[in-house]
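Note sheet for the following structure.
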There are 2 protein chains.
Amino acid sequence: MMAEIISGKQIAEKVCEEVQEEVDKLKLHGVTPGLAVVLVGDDAASSVYVAMKERAAKSLSIHSRQLTLPKETTSAEVEGVISGLNADPEIHGILVQLPLPEQIDENVILSCIDPAKDVDGFHPLNVGRLSVGEPNVVAPCTPAGVIELLMRSGFDPAGKHVVVVGRSNIVGRPLATLLTSRGRGGNATVTIAHSRSEELSLITKRADILISAVGRANLIDQSMVKPGAVVIDVGVNRVIDHSIPKGYRLVGDVAFQEVSEVASAITPVPGGVGPMTIAMLLKNTAQLASSSLGFRA
Amino acid sequence: MMAEIISGKQIAEKVCEEVQEEVDKLKLHGVTPGLAVVLVGDDAASSVYVAMKERAAKSLSIHSRQLTLPKETTSAEVEGVISGLNADPEIHGILVQLPLPEQIDENVILSCIDPAKDVDGFHPLNVGRLSVGEPNVVAPCTPAGVIELLMRSGFDPAGKHVVVVGRSNIVGRPLATLLTSRGRGGNATVTIAHSRSEELSLITKRADILISAVGRANLIDQSMVKPGAVVIDVGVNRVIDHSIPKGYRLVGDVAFQEVSEVASAITPVPGGVGPMTIAMLLKNTAQLASSSLGFRA
């Protein structure tokens, strides 16, 4: 029995259709949602992500502006750019592509974004608002995408035991917040495991839903997965492969073939969580544009 | 073999001695740490807590001011009182005793406190700062007290499996944040369980360290505890008892006698987490007073 493949690509297309409707409504009110993406440096993976985000925004007629700054840019210069975007009425969502070059403190930069334009939900005020359960807070795109993926493929986490491997501010922590919330996609029992966890395979094997967000190829093998579990792979790792022209291929954290033999459902990489992240970014952009009008379209 | 009793009272006294030293240093710099406690209404338990906090502050020569407002007070009136305290240079820490009467939205009130005077760490900005790992953020008193209790009694949670029962904004959620952080008292594998968790006893039984913060007497019985586990009881529940003059006694969430027979260590109620909460409140007050000087005493 091979696992059902959860197609993030298909579910993301559905989400994008809904966002398109919201964008169309906003345009009737004279507002074109605007997304600014700030990229500092020339990291190859980041450049690819930023290009994908821009292309996706344009496909929904969301106004998209990319600001690329050289890798030597100072923190003060990035802060200046964000300041301008905070004041710009055409821009409703500001995304700073992470990671930033090492001379720049990520927390300082994320705190400069106007919380009302914080499309990634990484400003500490929004992190806290999400945690205490305030309404109408945009959730970080990847965790929000994972929740949508689960709900729309029929795997409501309520009451289930979900194990999240990874405790990053971008994925693991906000995912635990959403999964333990009282709202849709919440009410799960959640275990957060990580690199310092003792007996990791014992812990992962207890999961009804196992989510890996570490960034290490083949971290999760068949022995770590309970038969019948649902497996969501957030990792994106480059593995050298000289047999293909670009010299590498993308894999997740999960050993896909062998885990497919025991899981009941699994997301592929690519085509799983990745497209959902982009779809939620567009959804968040439309939501912030709606909020700027004082209503939800 | 009966469990070791972890004396929160004794450990809290030690913490208070350290806070006293910090207070004395601050006074040498001309600053007396000031704590304002706002109580709305006449809830009996809240009145007792507030009186205990005030007495503890005075015992360390911390300036303490109690503001008691009638239970019909409007949200705007409470906001006005907080506004005055935000502007008052004698006050370094502001605590609003929870719960508030039902006409007042807790989240609105907590958001009015100047984050630099937020001694409970409940302002969403501070909730977020703690979550993303910013330095020098005060942690909510009860979760911080639980961490101190564990560390000072020799039960470092690093690498261990800690199960937290309860997902409140006051205890369960910030406790999970601290336990999964990279700092002292962190690096644990943490499971958050709650009223909606399926098979709760199966989950609690996996804990190396079990923490209950629900507020239901006898929720945790012997069958739910792994032999040798460390059990921390955050619950405070009134149980009717006509054999004593006041007509009730205080018990925790844990069936103390029977769980003592299987646990390796356990906190009593009263005398466990309670005194630690108050000690951490005083510690946080001193820390905010230090921060207001631009240095750590």
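By convention in this document, the chains of the structure tokens carry letters A, B, ... by their order, each chain's residues are numbered from 1, and ligands are numbered from 1 in the order they are shown.
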Name the residues of range 117-295 of chain B that fall into strand (DSSP E) according to DSSP on the backbone, using the chain letters and numbers of this document, as a CSV table (one decimal) with N, CA and C atoms, in the first residue's frame.
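The new file result_0.csv reads:
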chain,number,residue,atom,x,y,z
B,161,HIS,N,11.7,15.0,27.6
B,161,HIS,CA,10.4,15.2,27.1
B,161,HIS,C,9.5,15.8,28.2
B,162,VAL,N,9.1,17.0,28.0
B,162,VAL,CA,8.2,17.7,28.9
B,162,VAL,C,6.8,17.8,28.4
B,163,VAL,N,5.8,17.4,29.1
B,163,VAL,CA,4.4,17.5,28.7
B,163,VAL,C,3.8,18.6,29.5
B,164,VAL,N,3.3,19.6,28.8
B,164,VAL,CA,2.5,20.7,29.5
B,164,VAL,C,1.0,20.5,29.2
B,165,VAL,N,0.2,20.3,30.3
B,165,VAL,CA,-1.2,20.2,30.1
B,165,VAL,C,-1.8,21.5,30.3
B,189,THR,N,12.2,18.8,24.6
B,189,THR,CA,11.2,18.4,23.6
B,189,THR,C,9.8,18.6,24.4
B,190,VAL,N,8.9,19.4,23.8
B,190,VAL,CA,7.8,19.8,24.5
B,190,VAL,C,6.5,19.4,23.8
B,191,THR,N,5.6,18.8,24.6
B,191,THR,CA,4.3,18.4,24.1
B,191,THR,C,3.3,19.3,24.8
B,192,ILE,N,2.4,20.0,24.1
B,192,ILE,CA,1.3,20.8,24.6
B,192,ILE,C,0.0,20.0,24.5
B,193,ALA,N,-0.6,19.6,25.6
B,193,ALA,CA,-1.8,18.9,25.6
B,193,ALA,C,-2.9,19.7,26.3
B,209,ILE,N,9.1,15.0,32.4
B,209,ILE,CA,8.6,16.1,33.3
B,209,ILE,C,7.2,16.5,32.9
B,210,LEU,N,6.3,16.3,33.9
B,210,LEU,CA,4.9,16.6,33.6
B,210,LEU,C,4.4,17.9,34.3
B,211,ILE,N,3.9,18.8,33.6
B,211,ILE,CA,3.4,20.1,34.2
B,211,ILE,C,2.0,20.2,33.9
B,212,SER,N,1.2,20.4,35.0
B,212,SER,CA,-0.3,20.6,34.7
B,212,SER,C,-0.7,22.0,35.1
B,230,VAL,N,9.1,13.7,37.0
B,230,VAL,CA,9.1,14.9,37.9
B,230,VAL,C,7.7,15.6,37.6
B,231,VAL,N,7.0,15.9,38.6
B,231,VAL,CA,5.6,16.5,38.4
B,231,VAL,C,5.5,17.9,39.0
B,232,ILE,N,5.2,18.8,38.1
B,232,ILE,CA,5.0,20.2,38.6
B,232,ILE,C,3.5,20.6,38.5
B,233,ASP,N,3.0,21.1,39.6
B,233,ASP,CA,1.6,21.3,39.7
B,233,ASP,C,1.3,22.8,39.7
B,237,ASN,N,-6.9,25.1,43.0
B,237,ASN,CA,-8.3,24.9,43.0
B,237,ASN,C,-8.9,24.9,44.4
B,238,ARG,N,-10.0,25.5,44.6
B,238,ARG,CA,-10.7,25.5,45.9
B,238,ARG,C,-11.6,24.3,46.0
B,239,VAL,N,-11.4,23.5,47.0
B,239,VAL,CA,-12.2,22.3,47.2
B,239,VAL,C,-12.9,22.5,48.6
B,240,ILE,N,-14.3,22.3,48.5
B,240,ILE,CA,-15.1,22.6,49.8
B,240,ILE,C,-14.6,21.6,50.8
B,248,TYR,N,-13.0,25.8,52.9
B,248,TYR,CA,-12.4,25.2,51.7
B,248,TYR,C,-10.9,25.0,51.9
B,249,ARG,N,-10.3,24.2,51.1
B,249,ARG,CA,-8.9,24.1,51.1
B,249,ARG,C,-8.4,24.2,49.6
B,250,LEU,N,-7.1,24.6,49.5
B,250,LEU,CA,-6.5,24.7,48.2
B,250,LEU,C,-5.8,23.4,47.8
B,251,VAL,N,-6.1,23.0,46.6
B,251,VAL,CA,-5.4,21.8,46.0
B,251,VAL,C,-5.0,22.1,44.6
B,265,ALA,N,9.8,13.2,41.9
B,265,ALA,CA,9.8,14.5,42.6
B,265,ALA,C,8.5,15.2,42.2
B,266,ILE,N,8.0,16.0,43.2
B,266,ILE,CA,6.7,16.7,42.9
B,266,ILE,C,6.6,18.0,43.7
Find the nearest atom pair between each residue of chain B and chain A for residues within 9 Å, count only C-alpha atoms, give distances in Å to one decimal, sort rows by chain and ascending number, and present the table as a Markdown table.
| residue | atom | partner | partner_atom | distance |
| --- | --- | --- | --- | --- |
| B:Asn107 | CA | A:Glu134 | CA | 7.7 |
| B:Phe122 | CA | A:Val132 | CA | 8.8 |
| B:His123 | CA | A:Gly128 | CA | 7.8 |
| B:Pro124 | CA | A:Gly128 | CA | 4.2 |
| B:Leu125 | CA | A:Leu125 | CA | 4.1 |
| B:Asn126 | CA | A:Gly128 | CA | 7.0 |
| B:Val127 | CA | A:Gly128 | CA | 4.7 |
| B:Gly128 | CA | A:Gly128 | CA | 3.9 |
| B:Arg129 | CA | A:Pro124 | CA | 5.3 |
| B:Leu130 | CA | A:Pro124 | CA | 8.5 |
| B:Ser131 | CA | A:Val127 | CA | 7.5 |
| B:Val132 | CA | A:Asn169 | CA | 5.9 |
| B:Gly133 | CA | A:Asn169 | CA | 8.7 |
| B:Glu134 | CA | A:Asn107 | CA | 7.7 |
| B:Ala158 | CA | A:Arg196 | CA | 7.5 |
| B:Gly159 | CA | A:Ser197 | CA | 4.7 |
| B:Lys160 | CA | A:Glu198 | CA | 6.5 |
| B:His161 | CA | A:Ser197 | CA | 7.9 |
| B:Val163 | CA | A:Thr191 | CA | 8.4 |
| B:Arg167 | CA | A:Thr180 | CA | 7.3 |
| B:Ser168 | CA | A:Val132 | CA | 8.6 |
| B:Asn169 | CA | A:Val132 | CA | 5.8 |
| B:Arg173 | CA | A:Ser131 | CA | 7.8 |
| B:Ala176 | CA | A:Ile192 | CA | 8.9 |
| B:Thr177 | CA | A:Arg173 | CA | 8.2 |
| B:Thr180 | CA | A:Arg167 | CA | 7.4 |
| B:Ser181 | CA | A:Arg167 | CA | 8.3 |
| B:Asn187 | CA | A:Arg196 | CA | 6.2 |
| B:Ala188 | CA | A:Ser197 | CA | 6.6 |
| B:Thr189 | CA | A:Ala193 | CA | 4.9 |
| B:Val190 | CA | A:Ile192 | CA | 5.3 |
| B:Thr191 | CA | A:Thr191 | CA | 3.9 |
| B:Ile192 | CA | A:Val190 | CA | 5.3 |
| B:Ala193 | CA | A:Thr189 | CA | 4.9 |
| B:His194 | CA | A:Thr189 | CA | 7.1 |
| B:Ser195 | CA | A:Asn187 | CA | 8.8 |
| B:Arg196 | CA | A:Gly159 | CA | 5.5 |
| B:Ser197 | CA | A:Gly159 | CA | 4.7 |
| B:Glu198 | CA | A:Gly159 | CA | 5.2 |
| B:Glu199 | CA | A:Gly159 | CA | 8.9 |
| B:Ile203 | CA | A:Thr189 | CA | 8.9 |
Mind writing the picked residues with C-alpha atoms as a PDB file, in the first residue's frame?
ATOM      1  CA  ASN B 107      -6.344  41.718  25.192  1.00  0.00           C
ATOM      2  CA  PHE B 122       1.588  39.651  28.548  1.00  0.00           C
ATOM      3  CA  HIS B 123       1.719  42.547  26.035  1.00  0.00           C
ATOM      4  CA  PRO B 124       1.613  40.935  22.574  1.00  0.00           C
ATOM      5  CA  LEU B 125       4.851  42.704  21.605  1.00  0.00           C
ATOM      6  CA  ASN B 126       6.628  41.038  24.535  1.00  0.00           C
ATOM      7  CA  VAL B 127       4.945  37.701  23.854  1.00  0.00           C
ATOM      8  CA  GLY B 128       6.396  37.927  20.346  1.00  0.00           C
ATOM      9  CA  ARG B 129       9.828  39.126  21.482  1.00  0.00           C
ATOM     10  CA  LEU B 130      10.093  36.204  23.872  1.00  0.00           C
ATOM     11  CA  SER B 131       9.034  33.828  21.111  1.00  0.00           C
ATOM     12  CA  VAL B 132      11.595  35.050  18.553  1.00  0.00           C
ATOM     13  CA  GLY B 133      14.369  34.939  21.162  1.00  0.00           C
ATOM     14  CA  GLU B 134      15.107  38.635  21.696  1.00  0.00           C
ATOM     15  CA  ALA B 158      17.280  20.122  28.152  1.00  0.00           C
ATOM     16  CA  GLY B 159      16.768  17.126  25.887  1.00  0.00           C
ATOM     17  CA  LYS B 160      13.985  15.732  28.105  1.00  0.00           C
ATOM     18  CA  HIS B 161      10.381  15.201  27.103  1.00  0.00           C
ATOM     19  CA  VAL B 163       4.449  17.489  28.666  1.00  0.00           C
ATOM     20  CA  ARG B 167      -2.584  26.018  26.588  1.00  0.00           C
ATOM     21  CA  SER B 168      -3.449  29.308  28.294  1.00  0.00           C
ATOM     22  CA  ASN B 169      -1.751  32.583  27.339  1.00  0.00           C
ATOM     23  CA  ARG B 173       1.882  28.788  25.851  1.00  0.00           C
ATOM     24  CA  ALA B 176       6.260  25.945  25.914  1.00  0.00           C
ATOM     25  CA  THR B 177       8.119  28.958  24.467  1.00  0.00           C
ATOM     26  CA  THR B 180      11.800  25.048  23.587  1.00  0.00           C
ATOM     27  CA  SER B 181      14.079  28.111  23.600  1.00  0.00           C
ATOM     28  CA  ASN B 187      16.127  22.838  24.747  1.00  0.00           C
ATOM     29  CA  ALA B 188      13.412  20.421  25.870  1.00  0.00           C
ATOM     30  CA  THR B 189      11.160  18.367  23.632  1.00  0.00           C
ATOM     31  CA  VAL B 190       7.758  19.808  24.533  1.00  0.00           C
ATOM     32  CA  THR B 191       4.268  18.438  24.101  1.00  0.00           C
ATOM     33  CA  ILE B 192       1.314  20.772  24.647  1.00  0.00           C
ATOM     34  CA  ALA B 193      -1.832  18.868  25.592  1.00  0.00           C
ATOM     35  CA  HIS B 194      -5.227  20.246  26.618  1.00  0.00           C
ATOM     36  CA  SER B 195      -8.921  19.588  27.032  1.00  0.00           C
ATOM     37  CA  ARG B 196      -9.298  18.625  23.373  1.00  0.00           C
ATOM     38  CA  SER B 197      -6.405  16.139  23.363  1.00  0.00           C
ATOM     39  CA  GLU B 198      -7.330  12.547  22.559  1.00  0.00           C
ATOM     40  CA  GLU B 199      -5.886   9.880  24.902  1.00  0.00           C
ATOM     41  CA  ILE B 203       0.324  11.429  26.426  1.00  0.00           C
TER      42      ILE B 203
END
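CA of Pro115 in chain A is positioned 10.1 Å from CA of Leu288 in chain A.
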**OP:** Record the distance separating CA of Ala87 in chain A and CA of Val38 in chain A, expressed in Å with one decimal.
**Re:** 15.2 Å
**OP:** Tell me which of B:Ile113, B:Ile62, B:Met276, B:Leu293 sits closest to Val15 in chain B, counting only C-alpha atoms.
**Re:** B:Met276
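Those residues that approach range 2-4 of chain B to within 8 Å, counting only C-alpha atoms, are Ser260, Glu261, Val262, Ala263, Ser264, Ala265 and Ile266 of chain B; same-chain residues fewer than 6 positions away are not listed.
Closest approach to Arg152 in chain B among B:Gly252, B:Asp221, B:Ala286, B:Ser7 is made by B:Ser7 (distances from only C-alpha atoms).
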Subject >> Surrounding residues of range 215-219 of chain B excluding itself and chain neighbours under 4 positions, 6 Å, only C-alpha atoms, as a PyMOL selection string >> reply: chain B and resi 235+252-255
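CA of Gly274 in chain B is found 29.2 Å from CA of Ser83 in chain B.
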Subject >> Non-local contacts of Gly41 in chain B (12 Å; only C-alpha atoms; under 5 positions in same chain excluded) as a PyMOL selection string >> reply: chain B and resi 46-47+50+67-74+78+96-104
Subject >> Nearby residues (only C-alpha atoms) at most 8 Å from Met224 in chain B, same-chain spacing under 5 positions excluded, as a ChimeraX atom specification >> reply: /B:201-202,204-205
Can those selected residues be exported to a file as an mmCIF file, in the first residue's frame so that it contains C-alpha atoms?
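Contents of out-v8.cif, freshly written:
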data_model
loop_
_atom_site.group_PDB
_atom_site.id
_atom_site.type_symbol
_atom_site.label_atom_id
_atom_site.label_comp_id
_atom_site.auth_asym_id
_atom_site.auth_seq_id
_atom_site.Cartn_x
_atom_site.Cartn_y
_atom_site.Cartn_z
ATOM 1 C CA SER B 201 -3.378 9.782 29.896
ATOM 2 C CA LEU B 202 -1.321 8.087 27.191
ATOM 3 C CA THR B 204 1.007 12.471 30.026
ATOM 4 C CA LYS B 205 2.479 9.051 30.755
#
**OP:** Run DSSP on the backbone and grab whatever in range 1-174 of chain A lands in helix (DSSP H, G or I); send it over as an MDAnalysis selection string.
**Re:** chainID A and resid 8:28 44:59 75:87 106:112 115:117 124:132 141:152 172:174
Now that the selection is made, can you save its residues with C-alpha atoms as a PDB file, in the first residue's frame?
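Contents of result.pdb, freshly written:
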ATOM      1  CA  GLY A   8       0.307  21.043  -2.721  1.00  0.00           C
ATOM      2  CA  LYS A   9       0.370  22.281  -6.271  1.00  0.00           C
ATOM      3  CA  GLN A  10      -3.325  21.498  -6.853  1.00  0.00           C
ATOM      4  CA  ILE A  11      -4.470  22.825  -3.483  1.00  0.00           C
ATOM      5  CA  ALA A  12      -2.412  25.984  -3.995  1.00  0.00           C
ATOM      6  CA  GLU A  13      -4.132  26.532  -7.347  1.00  0.00           C
ATOM      7  CA  LYS A  14      -7.505  26.366  -5.581  1.00  0.00           C
ATOM      8  CA  VAL A  15      -6.346  28.872  -2.940  1.00  0.00           C
ATOM      9  CA  CYS A  16      -5.083  31.163  -5.704  1.00  0.00           C
ATOM     10  CA  GLU A  17      -8.478  31.050  -7.440  1.00  0.00           C
ATOM     11  CA  GLU A  18     -10.065  32.250  -4.187  1.00  0.00           C
ATOM     12  CA  VAL A  19      -7.460  34.965  -3.785  1.00  0.00           C
ATOM     13  CA  GLN A  20      -8.160  36.036  -7.382  1.00  0.00           C
ATOM     14  CA  GLU A  21     -11.809  36.602  -6.442  1.00  0.00           C
ATOM     15  CA  GLU A  22     -10.759  38.689  -3.464  1.00  0.00           C
ATOM     16  CA  VAL A  23      -8.350  40.706  -5.633  1.00  0.00           C
ATOM     17  CA  ASP A  24     -11.111  41.326  -8.176  1.00  0.00           C
ATOM     18  CA  LYS A  25     -13.435  42.586  -5.419  1.00  0.00           C
ATOM     19  CA  LEU A  26     -10.732  44.886  -4.108  1.00  0.00           C
ATOM     20  CA  LYS A  27     -10.212  46.327  -7.587  1.00  0.00           C
ATOM     21  CA  LEU A  28     -13.915  47.136  -7.735  1.00  0.00           C
ATOM     22  CA  ALA A  44      20.905  31.711  -5.554  1.00  0.00           C
ATOM     23  CA  ALA A  45      18.022  29.998  -3.716  1.00  0.00           C
ATOM     24  CA  SER A  46      16.647  33.318  -2.441  1.00  0.00           C
ATOM     25  CA  SER A  47      16.724  34.771  -5.958  1.00  0.00           C
ATOM     26  CA  VAL A  48      14.737  31.805  -7.243  1.00  0.00           C
ATOM     27  CA  TYR A  49      12.137  32.149  -4.454  1.00  0.00           C
ATOM     28  CA  VAL A  50      11.766  35.886  -5.008  1.00  0.00           C
ATOM     29  CA  ALA A  51      11.272  35.388  -8.747  1.00  0.00           C
ATOM     30  CA  MET A  52       8.614  32.736  -8.065  1.00  0.00           C
ATOM     31  CA  LYS A  53       6.785  35.033  -5.661  1.00  0.00           C
ATOM     32  CA  GLU A  54       6.829  37.890  -8.132  1.00  0.00           C
ATOM     33  CA  ARG A  55       5.581  35.706 -10.968  1.00  0.00           C
ATOM     34  CA  ALA A  56       2.767  34.337  -8.811  1.00  0.00           C
ATOM     35  CA  ALA A  57       1.694  37.834  -7.720  1.00  0.00           C
ATOM     36  CA  LYS A  58       1.610  39.033 -11.327  1.00  0.00           C
ATOM     37  CA  SER A  59      -0.460  36.031 -12.382  1.00  0.00           C
ATOM     38  CA  SER A  75      21.247  47.616   8.219  1.00  0.00           C
ATOM     39  CA  ALA A  76      20.501  51.357   8.165  1.00  0.00           C
ATOM     40  CA  GLU A  77      20.098  51.265   4.386  1.00  0.00           C
ATOM     41  CA  VAL A  78      17.659  48.355   4.546  1.00  0.00           C
ATOM     42  CA  GLU A  79      15.762  50.170   7.318  1.00  0.00           C
ATOM     43  CA  GLY A  80      15.549  53.212   5.053  1.00  0.00           C
ATOM     44  CA  VAL A  81      14.104  51.150   2.211  1.00  0.00           C
ATOM     45  CA  ILE A  82      11.510  49.605   4.545  1.00  0.00           C
ATOM     46  CA  SER A  83      10.619  53.023   5.884  1.00  0.00           C
ATOM     47  CA  GLY A  84       9.823  54.171   2.365  1.00  0.00           C
ATOM     48  CA  LEU A  85       7.653  51.125   1.738  1.00  0.00           C
ATOM     49  CA  ASN A  86       5.853  51.625   5.074  1.00  0.00           C
ATOM     50  CA  ALA A  87       4.837  55.079   3.842  1.00  0.00           C
ATOM     51  CA  GLU A 106      17.185  39.894  11.153  1.00  0.00           C
ATOM     52  CA  ASN A 107      15.153  40.785  14.287  1.00  0.00           C
ATOM     53  CA  VAL A 108      16.007  44.483  13.913  1.00  0.00           C
ATOM     54  CA  ILE A 109      14.897  44.544  10.280  1.00  0.00           C
ATOM     55  CA  LEU A 110      11.686  42.578  10.838  1.00  0.00           C
ATOM     56  CA  SER A 111      10.769  44.973  13.671  1.00  0.00           C
ATOM     57  CA  CYS A 112      11.005  47.931  11.253  1.00  0.00           C
ATOM     58  CA  PRO A 115       2.887  45.618  11.536  1.00  0.00           C
ATOM     59  CA  ALA A 116      -0.095  46.448   9.300  1.00  0.00           C
ATOM     60  CA  LYS A 117       2.056  45.639   6.214  1.00  0.00           C
ATOM     61  CA  PRO A 124       7.214  40.419  17.053  1.00  0.00           C
ATOM     62  CA  LEU A 125       3.945  42.277  17.649  1.00  0.00           C
ATOM     63  CA  ASN A 126       2.208  40.018  15.127  1.00  0.00           C
ATOM     64  CA  VAL A 127       3.957  36.917  16.492  1.00  0.00           C
ATOM     65  CA  GLY A 128       2.494  37.827  19.888  1.00  0.00           C
ATOM     66  CA  ARG A 129      -0.945  38.705  18.519  1.00  0.00           C
ATOM     67  CA  LEU A 130      -1.148  35.349  16.792  1.00  0.00           C
ATOM     68  CA  SER A 131      -0.063  33.611  19.995  1.00  0.00           C
ATOM     69  CA  VAL A 132      -2.654  35.295  22.237  1.00  0.00           C
ATOM     70  CA  CYS A 141       2.978  31.832   5.077  1.00  0.00           C
ATOM     71  CA  THR A 142       4.575  28.404   5.389  1.00  0.00           C
ATOM     72  CA  PRO A 143       2.813  27.389   8.631  1.00  0.00           C
ATOM     73  CA  ALA A 144      -0.477  28.775   7.318  1.00  0.00           C
ATOM     74  CA  GLY A 145       0.107  26.803   4.106  1.00  0.00           C
ATOM     75  CA  VAL A 146       0.676  23.585   6.051  1.00  0.00           C
ATOM     76  CA  ILE A 147      -2.618  24.083   7.907  1.00  0.00           C
ATOM     77  CA  GLU A 148      -4.499  24.696   4.632  1.00  0.00           C
ATOM     78  CA  LEU A 149      -2.876  21.642   3.090  1.00  0.00           C
ATOM     79  CA  LEU A 150      -4.028  19.460   6.000  1.00  0.00           C
ATOM     80  CA  MET A 151      -7.562  20.868   6.169  1.00  0.00           C
ATOM     81  CA  ARG A 152      -8.189  20.732   2.427  1.00  0.00           C
ATOM     82  CA  GLY A 172       8.268  25.349  13.747  1.00  0.00           C
ATOM     83  CA  ARG A 173       7.184  27.847  16.391  1.00  0.00           C
ATOM     84  CA  PRO A 174       4.317  29.550  14.512  1.00  0.00           C
TER      85      PRO A 174
END
